[in-house]
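> What follows is protein12.txt; its format and atoms are compact mmCIF, C-alpha atoms.
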# COMPACT_ATOMS: atom_id res chain seq x y z
CA MET J 1 128.32 13.11 4.15
CA ALA J 2 127.17 10.60 1.58
CA VAL J 3 123.78 10.31 3.25
CA LYS J 4 123.15 14.00 2.66
CA THR J 5 123.62 13.69 -1.11
CA LYS J 6 120.84 15.40 -2.99
CA PRO J 7 118.16 13.04 -4.28
CA ALA J 8 118.27 14.54 -7.75
CA LYS J 9 121.90 13.56 -8.09
CA THR J 10 121.51 10.00 -6.84
CA SER J 11 118.75 9.42 -9.32
CA VAL J 12 121.07 10.08 -12.24
CA ALA J 13 122.82 6.74 -11.89
CA PRO J 14 121.19 4.55 -9.26
CA PRO J 15 123.31 1.65 -8.07
CA PRO J 16 121.78 -1.71 -9.03
CA GLU J 17 121.08 -2.80 -5.45
CA THR J 18 118.93 0.25 -4.76
CA THR J 19 116.33 -0.60 -7.36
CA SER J 20 114.83 -3.14 -5.00
CA TYR J 21 113.52 -1.18 -2.08
CA GLN J 22 111.34 -1.62 0.92
CA GLY J 23 108.22 -3.71 0.27
CA GLU J 24 109.88 -5.68 -2.49
CA HIS J 25 112.01 -7.51 0.05
CA ASP J 26 110.56 -10.82 1.00
CA GLY J 27 110.65 -11.69 4.63
CA HIS J 28 110.47 -8.11 5.82
CA GLY J 29 107.04 -7.09 4.67
CA HIS J 30 105.01 -7.75 7.75
CA GLY J 31 104.49 -4.42 9.47
CA HIS J 32 102.66 -1.37 8.28
CA ASP J 33 105.77 -0.50 6.28
CA ASP J 34 105.10 -3.42 3.98
CA HIS J 35 103.93 -0.92 1.40
CA GLY J 36 105.77 2.10 2.63
CA PRO J 37 105.17 5.66 1.51
CA LEU J 38 107.70 5.31 -1.31
CA MET J 39 106.02 4.53 -4.61
CA HIS J 40 107.84 2.12 -6.89
CA HIS J 41 108.56 4.57 -9.68
CA PHE J 42 110.63 6.87 -7.44
CA ASP J 43 114.19 6.29 -6.30
CA ASP J 44 113.82 7.71 -2.82
CA MET J 45 111.56 9.81 -0.62
CA GLY J 46 113.34 13.05 -1.53
CA GLN J 47 112.72 12.54 -5.23
CA GLN J 48 109.12 11.50 -4.59
CA ARG J 49 108.44 14.51 -2.38
CA GLU J 50 109.84 16.97 -4.89
CA SER J 51 107.99 15.37 -7.80
CA ILE J 52 104.68 15.48 -5.98
CA THR J 53 105.25 19.08 -4.87
CA ILE J 54 106.04 20.15 -8.43
CA GLY J 55 102.99 18.26 -9.68
CA MET J 56 100.82 20.22 -7.26
CA TRP J 57 102.43 23.51 -8.27
CA THR J 58 101.72 22.69 -11.89
CA PHE J 59 98.06 22.24 -11.00
CA LEU J 60 98.13 25.52 -9.05
CA MET J 61 99.61 27.16 -12.15
CA THR J 62 96.47 26.22 -14.08
CA GLU J 63 94.41 27.57 -11.20
CA VAL J 64 96.31 30.85 -11.38
CA MET J 65 95.56 30.98 -15.11
CA MET J 66 91.84 30.43 -14.52
CA PHE J 67 91.58 33.08 -11.81
CA SER J 68 93.80 35.58 -13.58
CA GLY J 69 91.38 35.59 -16.52
CA LEU J 70 88.72 36.84 -14.13
CA PHE J 71 91.14 39.28 -12.54
CA PHE J 72 91.92 40.69 -15.96
CA CYS J 73 88.22 41.13 -16.75
CA TYR J 74 87.90 42.91 -13.43
CA ALA J 75 90.82 45.21 -14.25
CA PHE J 76 89.46 45.99 -17.70
CA PHE J 77 85.94 46.82 -16.58
CA ARG J 78 87.16 48.73 -13.58
CA TRP J 79 89.21 50.85 -15.97
CA LYS J 80 86.23 51.38 -18.32
CA PHE J 81 83.44 51.55 -15.71
CA HIS J 82 85.40 53.22 -12.92
CA ASP J 83 82.52 55.19 -11.36
CA ALA J 84 80.15 52.19 -11.47
CA PHE J 85 82.72 50.01 -9.71
CA MET J 86 83.06 52.63 -6.99
CA LEU J 87 79.28 52.63 -6.49
CA GLY J 88 78.95 48.86 -6.71
CA SER J 89 81.63 48.40 -4.06
CA GLN J 90 79.69 50.70 -1.71
CA GLN J 91 76.78 48.22 -1.74
CA LEU J 92 78.90 45.53 -0.09
CA ASN J 93 79.22 44.96 3.64
CA ILE J 94 82.87 45.61 4.54
CA ASP J 95 82.43 44.21 8.06
CA LEU J 96 81.44 40.82 6.66
CA GLY J 97 84.27 40.99 4.11
CA THR J 98 86.79 41.76 6.84
CA GLY J 99 85.40 38.92 8.95
CA ASN J 100 85.82 36.59 6.00
CA THR J 101 89.43 37.68 5.51
CA PHE J 102 90.09 37.09 9.19
CA VAL J 103 88.61 33.55 9.31
CA LEU J 104 90.33 32.59 6.06
CA LEU J 105 93.75 33.74 7.28
CA ALA J 106 93.05 31.88 10.53
CA SER J 107 92.17 28.73 8.57
CA SER J 108 95.47 29.02 6.70
CA MET J 109 97.23 29.14 10.07
CA THR J 110 95.43 26.03 11.35
CA MET J 111 96.15 24.29 8.03
CA ALA J 112 99.86 25.12 8.34
CA MET J 113 99.77 23.73 11.88
CA ALA J 114 98.03 20.58 10.59
CA VAL J 115 100.88 20.12 8.10
CA HIS J 116 103.36 20.59 10.92
CA SER J 117 101.49 18.08 13.12
CA ALA J 118 101.53 15.47 10.36
CA GLN J 119 105.25 16.00 9.85
CA VAL J 120 106.04 15.47 13.54
CA ARG J 121 103.60 12.51 13.61
CA ASN J 122 101.23 14.02 16.17
CA ARG J 123 97.89 12.38 15.39
CA LYS J 124 95.79 14.24 17.97
CA ALA J 125 97.11 17.66 16.97
CA LEU J 126 96.66 16.81 13.28
CA ILE J 127 93.00 15.93 13.82
CA ALA J 128 92.42 19.00 16.00
CA TYR J 129 93.98 21.39 13.46
CA MET J 130 92.10 19.76 10.58
CA ILE J 131 88.82 20.26 12.46
CA GLY J 132 89.89 23.84 13.20
CA THR J 133 90.53 24.44 9.50
CA LEU J 134 87.12 22.98 8.68
CA ILE J 135 85.45 25.25 11.25
CA PHE J 136 87.14 28.40 9.91
CA GLY J 137 86.46 27.35 6.31
CA GLY J 138 82.83 26.66 7.23
CA ALA J 139 82.62 30.04 8.95
CA PHE J 140 83.85 31.67 5.74
CA LEU J 141 81.14 29.95 3.69
CA GLY J 142 78.54 30.77 6.35
CA ILE J 143 79.41 34.48 6.24
CA LYS J 144 79.31 34.33 2.44
CA ALA J 145 75.83 32.78 2.60
CA VAL J 146 74.66 35.62 4.88
CA GLU J 147 76.17 38.16 2.50
CA TRP J 148 74.61 36.65 -0.62
CA THR J 149 71.22 36.42 1.07
CA ALA J 150 71.43 40.14 1.83
CA ASP J 151 72.51 40.79 -1.77
CA TYR J 152 69.50 38.83 -2.96
CA ASN J 153 67.11 40.87 -0.82
CA GLU J 154 68.72 44.13 -1.91
CA GLY J 155 68.38 43.31 -5.59
CA LEU J 156 72.10 43.06 -6.29
CA ILE J 157 72.35 39.69 -8.07
CA PRO J 158 72.24 40.07 -11.88
CA HIS J 159 69.65 37.83 -13.58
CA PHE J 160 68.40 36.34 -10.29
CA SER J 161 67.46 39.33 -8.19
CA TRP J 162 68.48 42.44 -10.05
CA ASP J 163 66.90 45.75 -9.12
CA ALA J 164 67.26 47.68 -12.38
CA THR J 165 66.15 50.91 -10.71
CA GLY J 166 68.62 50.77 -7.84
CA GLN J 167 65.88 51.61 -5.35
CA ARG J 168 66.55 48.64 -3.07
CA TRP J 169 70.33 49.03 -2.99
CA PRO J 170 71.85 49.93 0.39
CA THR J 171 73.16 53.34 -0.73
CA SER J 172 69.78 54.30 -2.14
CA HIS J 173 68.76 55.35 1.37
CA HIS J 174 71.46 58.02 1.26
CA ALA J 175 70.32 59.08 -2.17
CA HIS J 176 66.79 59.54 -0.84
CA GLU J 177 68.07 61.70 2.01
CA ALA J 178 69.86 63.91 -0.49
CA GLY J 179 66.75 64.19 -2.63
CA LYS J 180 68.47 62.37 -5.46
CA VAL J 181 65.69 59.88 -6.07
CA ALA J 182 65.21 58.09 -9.36
CA GLY J 183 63.11 60.84 -10.92
CA GLN J 184 65.94 63.33 -10.65
CA THR J 185 68.65 61.18 -12.19
CA PRO J 186 68.67 60.37 -15.92
CA GLU J 187 66.96 57.21 -17.14
CA GLY J 188 69.07 54.13 -16.35
CA TYR J 189 71.28 55.93 -13.89
CA VAL J 190 71.62 55.98 -10.11
CA TRP J 191 73.09 58.71 -8.00
CA ASP J 192 76.43 58.11 -6.24
CA PHE J 193 75.89 60.10 -3.08
CA LYS J 194 79.50 59.77 -1.99
CA HIS J 195 81.10 60.99 -5.19
CA ASN J 196 78.16 63.18 -6.26
CA LYS J 197 77.69 61.87 -9.76
CA ALA J 198 75.24 59.82 -11.79
CA VAL J 199 76.33 56.24 -12.48
CA SER J 200 75.05 53.85 -15.15
CA ILE J 201 73.04 50.98 -13.68
CA GLU J 202 74.13 48.68 -16.53
CA GLN J 203 77.74 49.32 -15.58
CA VAL J 204 77.04 48.62 -11.91
CA LYS J 205 75.53 45.34 -13.11
CA MET J 206 78.91 44.49 -14.63
CA TYR J 207 80.56 45.12 -11.27
CA PHE J 208 78.19 42.62 -9.67
CA MET J 209 78.75 40.11 -12.48
CA MET J 210 82.46 40.30 -11.67
CA TYR J 211 81.76 40.19 -7.93
CA PHE J 212 79.67 37.01 -8.14
CA CYS J 213 81.89 35.27 -10.70
CA MET J 214 85.02 35.89 -8.65
CA THR J 215 83.64 35.21 -5.18
CA GLY J 216 81.54 32.36 -6.60
CA LEU J 217 84.52 30.60 -8.18
CA HIS J 218 86.43 31.19 -4.96
CA ALA J 219 83.57 29.74 -2.89
CA ILE J 220 83.43 26.67 -5.15
CA HIS J 221 87.11 26.16 -4.38
CA MET J 222 86.37 26.48 -0.67
CA VAL J 223 83.59 23.87 -0.87
CA ALA J 224 85.82 21.47 -2.84
CA GLY J 225 88.62 22.03 -0.33
CA ALA J 226 86.29 21.39 2.61
CA ILE J 227 85.08 18.11 1.08
CA ILE J 228 88.64 16.92 0.46
CA LEU J 229 89.62 18.01 3.96
CA LEU J 230 86.69 16.04 5.41
CA ILE J 231 87.89 12.90 3.63
CA MET J 232 91.43 13.54 4.83
CA LEU J 233 90.15 14.01 8.36
CA VAL J 234 88.70 10.49 8.31
CA MET J 235 92.03 9.23 6.93
CA ALA J 236 93.91 11.10 9.65
CA MET J 237 91.74 9.47 12.32
CA SER J 238 92.88 6.05 11.11
CA ASP J 239 96.54 7.12 11.33
CA TRP J 240 96.88 7.30 7.55
CA PHE J 241 99.28 10.27 7.59
CA THR J 242 100.90 9.87 10.99
CA LYS J 243 101.96 6.25 10.37
CA GLY J 244 102.29 6.38 6.60
CA ASN J 245 103.12 9.27 4.30
CA ASP J 246 102.46 12.72 5.73
CA GLN J 247 102.92 14.52 2.41
CA PRO J 248 99.26 14.51 1.27
CA VAL J 249 98.51 16.88 4.14
CA GLU J 250 101.21 19.26 2.91
CA ILE J 251 99.96 19.00 -0.68
CA PHE J 252 96.41 19.76 0.38
CA GLY J 253 97.82 22.66 2.41
CA LEU J 254 99.24 24.11 -0.83
CA TYR J 255 95.74 24.13 -2.31
CA TRP J 256 94.20 25.65 0.80
CA HIS J 257 96.81 28.43 0.98
CA PHE J 258 96.35 29.15 -2.71
CA VAL J 259 92.62 29.68 -2.18
CA ASP J 260 93.57 31.99 0.69
CA ILE J 261 95.86 33.99 -1.62
CA VAL J 262 93.01 34.48 -4.10
CA TRP J 263 90.89 35.96 -1.35
CA VAL J 264 93.75 38.21 -0.20
CA PHE J 265 93.44 39.91 -3.62
CA LEU J 266 89.65 39.72 -3.89
CA PHE J 267 89.03 41.48 -0.59
CA PRO J 268 90.64 44.87 -1.37
CA LEU J 269 89.61 44.75 -5.03
CA LEU J 270 85.91 44.14 -4.34
CA TYR J 271 85.24 45.60 -0.91
CA LEU J 272 87.66 48.43 -0.29
CA ILE J 273 87.87 50.35 -3.59
CA ALA J 274 85.34 52.99 -2.52
CA GLY J 275 87.03 53.57 0.82
CA PHE J 276 86.47 52.25 4.32
CA HIS J 277 84.69 54.20 7.04
CA PRO J 278 85.08 52.34 10.31
CA PHE J 279 82.85 54.61 12.35
CA GLY J 280 79.48 54.63 10.69
CA GLY J 281 77.97 54.94 7.25
CA HIS J 282 78.85 53.45 3.92
CA MET Z 283 127.13 8.42 -3.01
CA ALA Z 284 126.55 4.79 -3.73
CA HIS Z 285 126.60 4.02 -0.02
CA SER Z 286 123.81 6.35 0.86
CA LYS Z 287 120.94 4.16 -0.27
CA PRO Z 288 121.90 0.90 1.38
CA ALA Z 289 122.39 2.89 4.58
CA ARG Z 290 118.84 4.22 4.33
CA HIS Z 291 117.65 0.79 3.42
CA GLU Z 292 118.99 -0.55 6.69
CA SER Z 293 117.17 2.07 8.68
CA HIS Z 294 113.86 0.82 7.32
CA HIS Z 295 114.43 -2.60 8.73
CA SER Z 296 115.50 -1.28 12.08
CA GLY Z 297 112.11 0.44 12.42
CA ALA Z 298 113.52 3.95 12.15
CA ASN Z 299 111.63 4.80 9.01
CA ILE Z 300 109.64 7.58 10.67
CA ALA Z 301 112.71 9.64 11.44
CA GLU Z 302 114.23 8.57 8.17
CA THR Z 303 111.51 10.07 6.00
CA HIS Z 304 112.30 13.50 7.40
CA ASP Z 305 115.91 14.03 6.46
CA GLU Z 306 115.57 13.83 2.69
CA GLY Z 307 115.23 17.29 1.24
CA HIS Z 308 112.36 17.99 3.60
CA HIS Z 309 112.22 20.82 6.09
CA VAL Z 310 109.87 20.88 9.07
CA VAL Z 311 109.04 24.54 9.59
CA PRO Z 312 109.03 25.44 13.31
CA VAL Z 313 105.77 26.56 14.91
CA SER Z 314 107.34 29.88 15.92
CA THR Z 315 107.71 30.76 12.22
CA TYR Z 316 104.02 30.09 11.60
CA ILE Z 317 103.06 32.28 14.55
CA LYS Z 318 105.21 35.14 13.22
CA VAL Z 319 103.63 34.68 9.77
CA ILE Z 320 100.03 34.78 10.99
CA ILE Z 321 100.72 37.83 13.17
CA SER Z 322 102.24 39.70 10.22
CA LEU Z 323 99.30 38.68 8.01
CA MET Z 324 96.81 40.03 10.55
CA VAL Z 325 98.81 43.25 10.96
CA LEU Z 326 98.85 43.66 7.17
CA LEU Z 327 95.06 43.14 7.12
CA ILE Z 328 94.68 45.99 9.62
CA ILE Z 329 97.03 48.18 7.56
CA THR Z 330 94.93 47.43 4.46
CA LEU Z 331 91.79 48.61 6.24
CA ALA Z 332 93.55 51.68 7.66
CA ALA Z 333 94.88 52.60 4.21
CA ALA Z 334 91.40 52.21 2.72
CA ALA Z 335 90.01 54.59 5.34
CA VAL Z 336 92.20 57.38 3.89
CA ASP Z 337 90.89 58.91 0.67
CA PHE Z 338 94.04 60.07 -1.08
CA SER Z 339 92.09 61.76 -3.87
CA GLN Z 340 91.17 64.57 -1.48
CA TYR Z 341 94.85 65.58 -1.43
CA GLY Z 342 94.87 66.07 -5.18
CA PRO Z 343 93.91 64.09 -8.28
CA ALA Z 344 97.52 62.98 -8.79
CA LEU Z 345 97.41 61.09 -5.48
CA ALA Z 346 94.11 59.34 -6.24
CA PRO Z 347 95.75 56.10 -7.53
CA LEU Z 348 97.63 55.77 -4.23
CA ASN Z 349 94.71 53.88 -2.64
CA ILE Z 350 94.77 51.02 -5.13
CA ILE Z 351 98.59 51.01 -5.29
CA ILE Z 352 98.87 50.66 -1.50
CA ALA Z 353 96.13 48.02 -1.35
CA MET Z 354 97.70 45.92 -4.11
CA THR Z 355 101.21 46.28 -2.67
CA ILE Z 356 100.00 44.97 0.69
CA ALA Z 357 98.12 42.13 -1.04
CA VAL Z 358 101.28 41.13 -2.93
CA VAL Z 359 103.33 41.22 0.29
CA LYS Z 360 100.71 39.01 1.99
CA ALA Z 361 100.71 36.58 -0.95
CA VAL Z 362 104.51 36.36 -0.97
CA ILE Z 363 104.56 35.67 2.78
CA ILE Z 364 101.96 32.90 2.35
CA ILE Z 365 103.83 31.39 -0.61
CA LEU Z 366 107.25 31.48 1.08
CA TYR Z 367 106.28 30.22 4.54
CA PHE Z 368 102.83 28.59 4.57
CA MET Z 369 103.47 26.97 1.19
CA HIS Z 370 107.09 26.15 2.12
CA VAL Z 371 108.58 27.51 -1.11
CA ARG Z 372 111.34 29.17 0.88
CA TYR Z 373 112.51 25.73 2.02
CA SER Z 374 111.97 24.00 -1.31
CA SER Z 375 114.32 23.17 -4.16
CA LYS Z 376 115.17 25.55 -6.99
CA LEU Z 377 112.86 23.66 -9.32
CA VAL Z 378 109.87 24.31 -7.06
CA TRP Z 379 110.89 27.99 -6.97
CA VAL Z 380 110.80 28.07 -10.76
CA PHE Z 381 107.34 26.49 -10.90
CA ALA Z 382 105.92 28.77 -8.22
CA PHE Z 383 107.42 31.85 -9.87
CA ALA Z 384 106.20 30.83 -13.34
CA ALA Z 385 102.65 30.49 -12.03
CA PHE Z 386 102.52 34.11 -10.95
CA TYR Z 387 104.73 35.51 -13.68
CA TRP Z 388 102.04 34.28 -16.07
CA VAL Z 389 99.66 36.85 -14.56
CA VAL Z 390 102.12 39.64 -15.38
CA ILE Z 391 102.34 38.44 -19.00
CA LEU Z 392 98.55 38.26 -19.27
CA PHE Z 393 98.02 41.77 -17.92
CA VAL Z 394 100.83 43.52 -19.77
CA MET Z 395 100.29 41.92 -23.16
CA THR Z 396 96.50 42.21 -23.13
CA LEU Z 397 96.37 45.73 -21.75
CA THR Z 398 98.82 47.01 -24.35
CA ASP Z 399 96.22 45.93 -26.90
CA TYR Z 400 93.15 47.26 -25.12
CA MET Z 401 94.72 50.56 -24.15
CA SER Z 402 95.99 51.39 -27.61
CA ARG Z 403 92.87 51.00 -29.74
CA TYR Z 404 89.46 52.56 -30.12
CA MET Z 405 86.79 50.80 -28.13
CA THR Z 406 83.32 50.19 -29.47
CA GLN Z 407 80.29 51.41 -27.57
CA TYR Z 408 79.42 50.06 -24.19
CA PRO Z 409 76.40 50.77 -21.99
CA GLY Z 410 76.26 54.12 -20.27
CA GLN Z 411 79.46 55.51 -21.72
CA TYR Z 412 78.12 59.06 -21.67
CA THR Z 413 78.73 60.76 -18.36
CA PHE Z 414 77.05 63.81 -16.90
Now, as a test, write the supplied structure out as structure tokens.

Amino acid sequence: MAVKTKPAKTSVAPPPETTSYQGEHDGHGHGHDDHGPLMHHFDDMGQQRESITIGMWTFLMTEVMMFSGLFFCYAFFRWKFHDAFMLGSQQLNIDLGTGNTFVLLASSMTMAMAVHSAQVRNRKALIAYMIGTLIFGGAFLGIKAVEWTADYNEGLIPHFSWDATGQRWPTSHHAHEAGKVAGQTPEGYVWDFKHNKAVSIEQVKMYFMMYFCMTGLHAIHMVAGAIILLIMLVMAMSDWFTKGNDQPVEIFGLYWHFVDIVWVFLFPLLYLIAGFHPFGGH
Amino acid sequence: MAHSKPARHESHHSGANIAETHDEGHHVVPVSTYIKVIISLMVLLIITLAAAAVDFSQYGPALAPLNIIIAMTIAVVKAVIIILYFMHVRYSSKLVWVFAFAAFYWVVILFVMTLTDYMSRYMTQYPGQYTF
């Protein structure tokens, strides 16, 4: 009964004898638990765990703030440039976007399993699931690289490879079939074959600014996560988490799942707004 | 209450510290839960695609916003599932709940407060504002 007392309550008035703890005891500090997972400024593991979790959530809060600024810009320009966003979205490859969603959700699953493996002290499973997460995360970045290369060739990247006439864009082929080539649309406009209306190229450019800022910031987070995960993989191989404190794996998992959540919103907002046609065509 | 810590202290010296680190406000989520979560996430991904394949605007202009409403509702459901189970918030203390909730409640404040401003005033010119 007393053992189950909540850590927060015990920390209110710690008994004097509990201030010395673990590694501070002479004569007992010979094993790997000489400097155990408990850091000296915490009363017990429960308090330490909760503090570290809240610290990570505070960091994620700032991440939410950063991304939500971009999401607001997206919402504002989608409201103002509605038709251009519909046309811009049609230039993207939904198959690749769906594949990316799939591998990212799968990487979240392997990450959750890695956290579980660390908690039950299974070193082999932890290493395997970390490698699995790295493979899925790498697959995501690989698909993104393929996508961005295609965007570059199709003149869809503002300032780097921007086709201001819209002639190289994927939907331009449809426009040609319909006889709606550049000469027949007003200056600075492209024809949206699907919705049968002229759309401002400058406004489509804003869609792609949002697309590359949002997916770019997300990809930077993926790269950072992969680097950290690589370091943690080396640590896991030397039993860092399975013999010591397993919580860093869980904390990194929070970050990884957060990046996944961002993509869960990015995918429908960027890829699916102009509709999805599974059997052929844009 | 005062006895709890010496008792834990003993367990360290008897080499039981591995088991000991797991019973302090810390929940190991079973694998079966993760499997259920990933299956529901994949099903929701398929529903998102299926919903995007239907163009609700063809059933009337009033139904046109349904596409984005359905897509965002599914995205929120997916996010909540990830937060509760993958990110362990469901098994965490009330304080973690508050922090997690505050993070996303901030987005609501940002959108509502800023949009009330943007939507209620005249906007200056922007490129291509004239439609045909």
> Could you jot down the atom CA of Z:Leu397 to atom CA of J:Phe72 separation for me, Å, one decimal place?
8.9 Å
> Give the answer as one residue: which of Z:Val389, Z:Ala334, Z:Ala384, Z:Ile363 has the shortest atom-to-atom distance to Z:Ile351, using only C-alpha atoms?
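Ranking Z:Val389, Z:Ala334, Z:Ala384, Z:Ile363 by distance to Z:Ile351, first place goes to Z:Ala334.
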> Using only C-alpha atoms, can you list as number ranges by chain the residues within 10 Å of (96.5, 24.8, -1.9)?
J: 56-57, 59-60, 63, 108, 111, 221, 225, 250-261; Z: 365, 368-369
> Residues of chain J within 6 Å of chain Z, counting all atoms listed in the file - could you list those as a ChimeraX atom specification?
/J:2-3,46,54,61,112,200,254,261,264-265,275-277
> At what distance in Å, to one decimal, does atom CA of J:Thr98 lie from atom CA of J:Leu233?
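Calculated distance between atom CA of J:Leu233 and atom CA of J:Thr98 is 28.0 Å.
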> At a cut-off of 12 Å, using all atoms listed in the file, what residues contact J:Leu217? Leave out same-chain residues fewer than 3 positions from it and give the result as a compact mmCIF listing (two decimals) with C-alpha atoms, in the frame of the given file.

# COMPACT_ATOMS: atom_id res chain seq x y z
CA GLU J 63 94.41 27.57 -11.20
CA MET J 66 91.84 30.43 -14.52
CA PHE J 67 91.58 33.08 -11.81
CA SER J 68 93.80 35.58 -13.58
CA GLY J 69 91.38 35.59 -16.52
CA LEU J 70 88.72 36.84 -14.13
CA PHE J 71 91.14 39.28 -12.54
CA MET J 209 78.75 40.11 -12.48
CA MET J 210 82.46 40.30 -11.67
CA TYR J 211 81.76 40.19 -7.93
CA PHE J 212 79.67 37.01 -8.14
CA CYS J 213 81.89 35.27 -10.70
CA MET J 214 85.02 35.89 -8.65
CA ILE J 220 83.43 26.67 -5.15
CA HIS J 221 87.11 26.16 -4.38
CA MET J 222 86.37 26.48 -0.67
CA VAL J 223 83.59 23.87 -0.87
CA ALA J 224 85.82 21.47 -2.84
CA VAL J 259 92.62 29.68 -2.18
CA VAL J 262 93.01 34.48 -4.10
CA TRP J 263 90.89 35.96 -1.35
CA LEU J 266 89.65 39.72 -3.89
> Which one of J:Gln47, J:Gln167, J:Pro158, J:Trp79 sits closest to Z:Pro347 if you count all atoms listed in the file?
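Distance minimum relative to Z:Pro347 lands on J:Trp79.
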> Using only C-alpha atoms for the distances, tell me which of J:Pro186, J:Arg49, J:His218, J:Asp83 is nearest to J:Phe267.
J:His218
> Of the candidates J:Leu38, J:Ala226, J:Ala219, J:Ile201, which shows the shortest atom-to-atom distance to J:Ala164, using only C-alpha atoms?
J:Ile201
> What's the separation between atom CA of J:Leu156 and atom CA of J:Gly138, in Å to one decimal place?
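Going from atom CA of J:Leu156 over to atom CA of J:Gly138, I get 23.8 Å.
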> Point out the residue among J:Ala145, J:Ala236, J:Met206, J:Ala198 with the least atom-to-atom distance to J:Asn122, counting all atoms listed in the file.
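Closest to J:Asn122, using all atoms listed in the file: J:Ala236.
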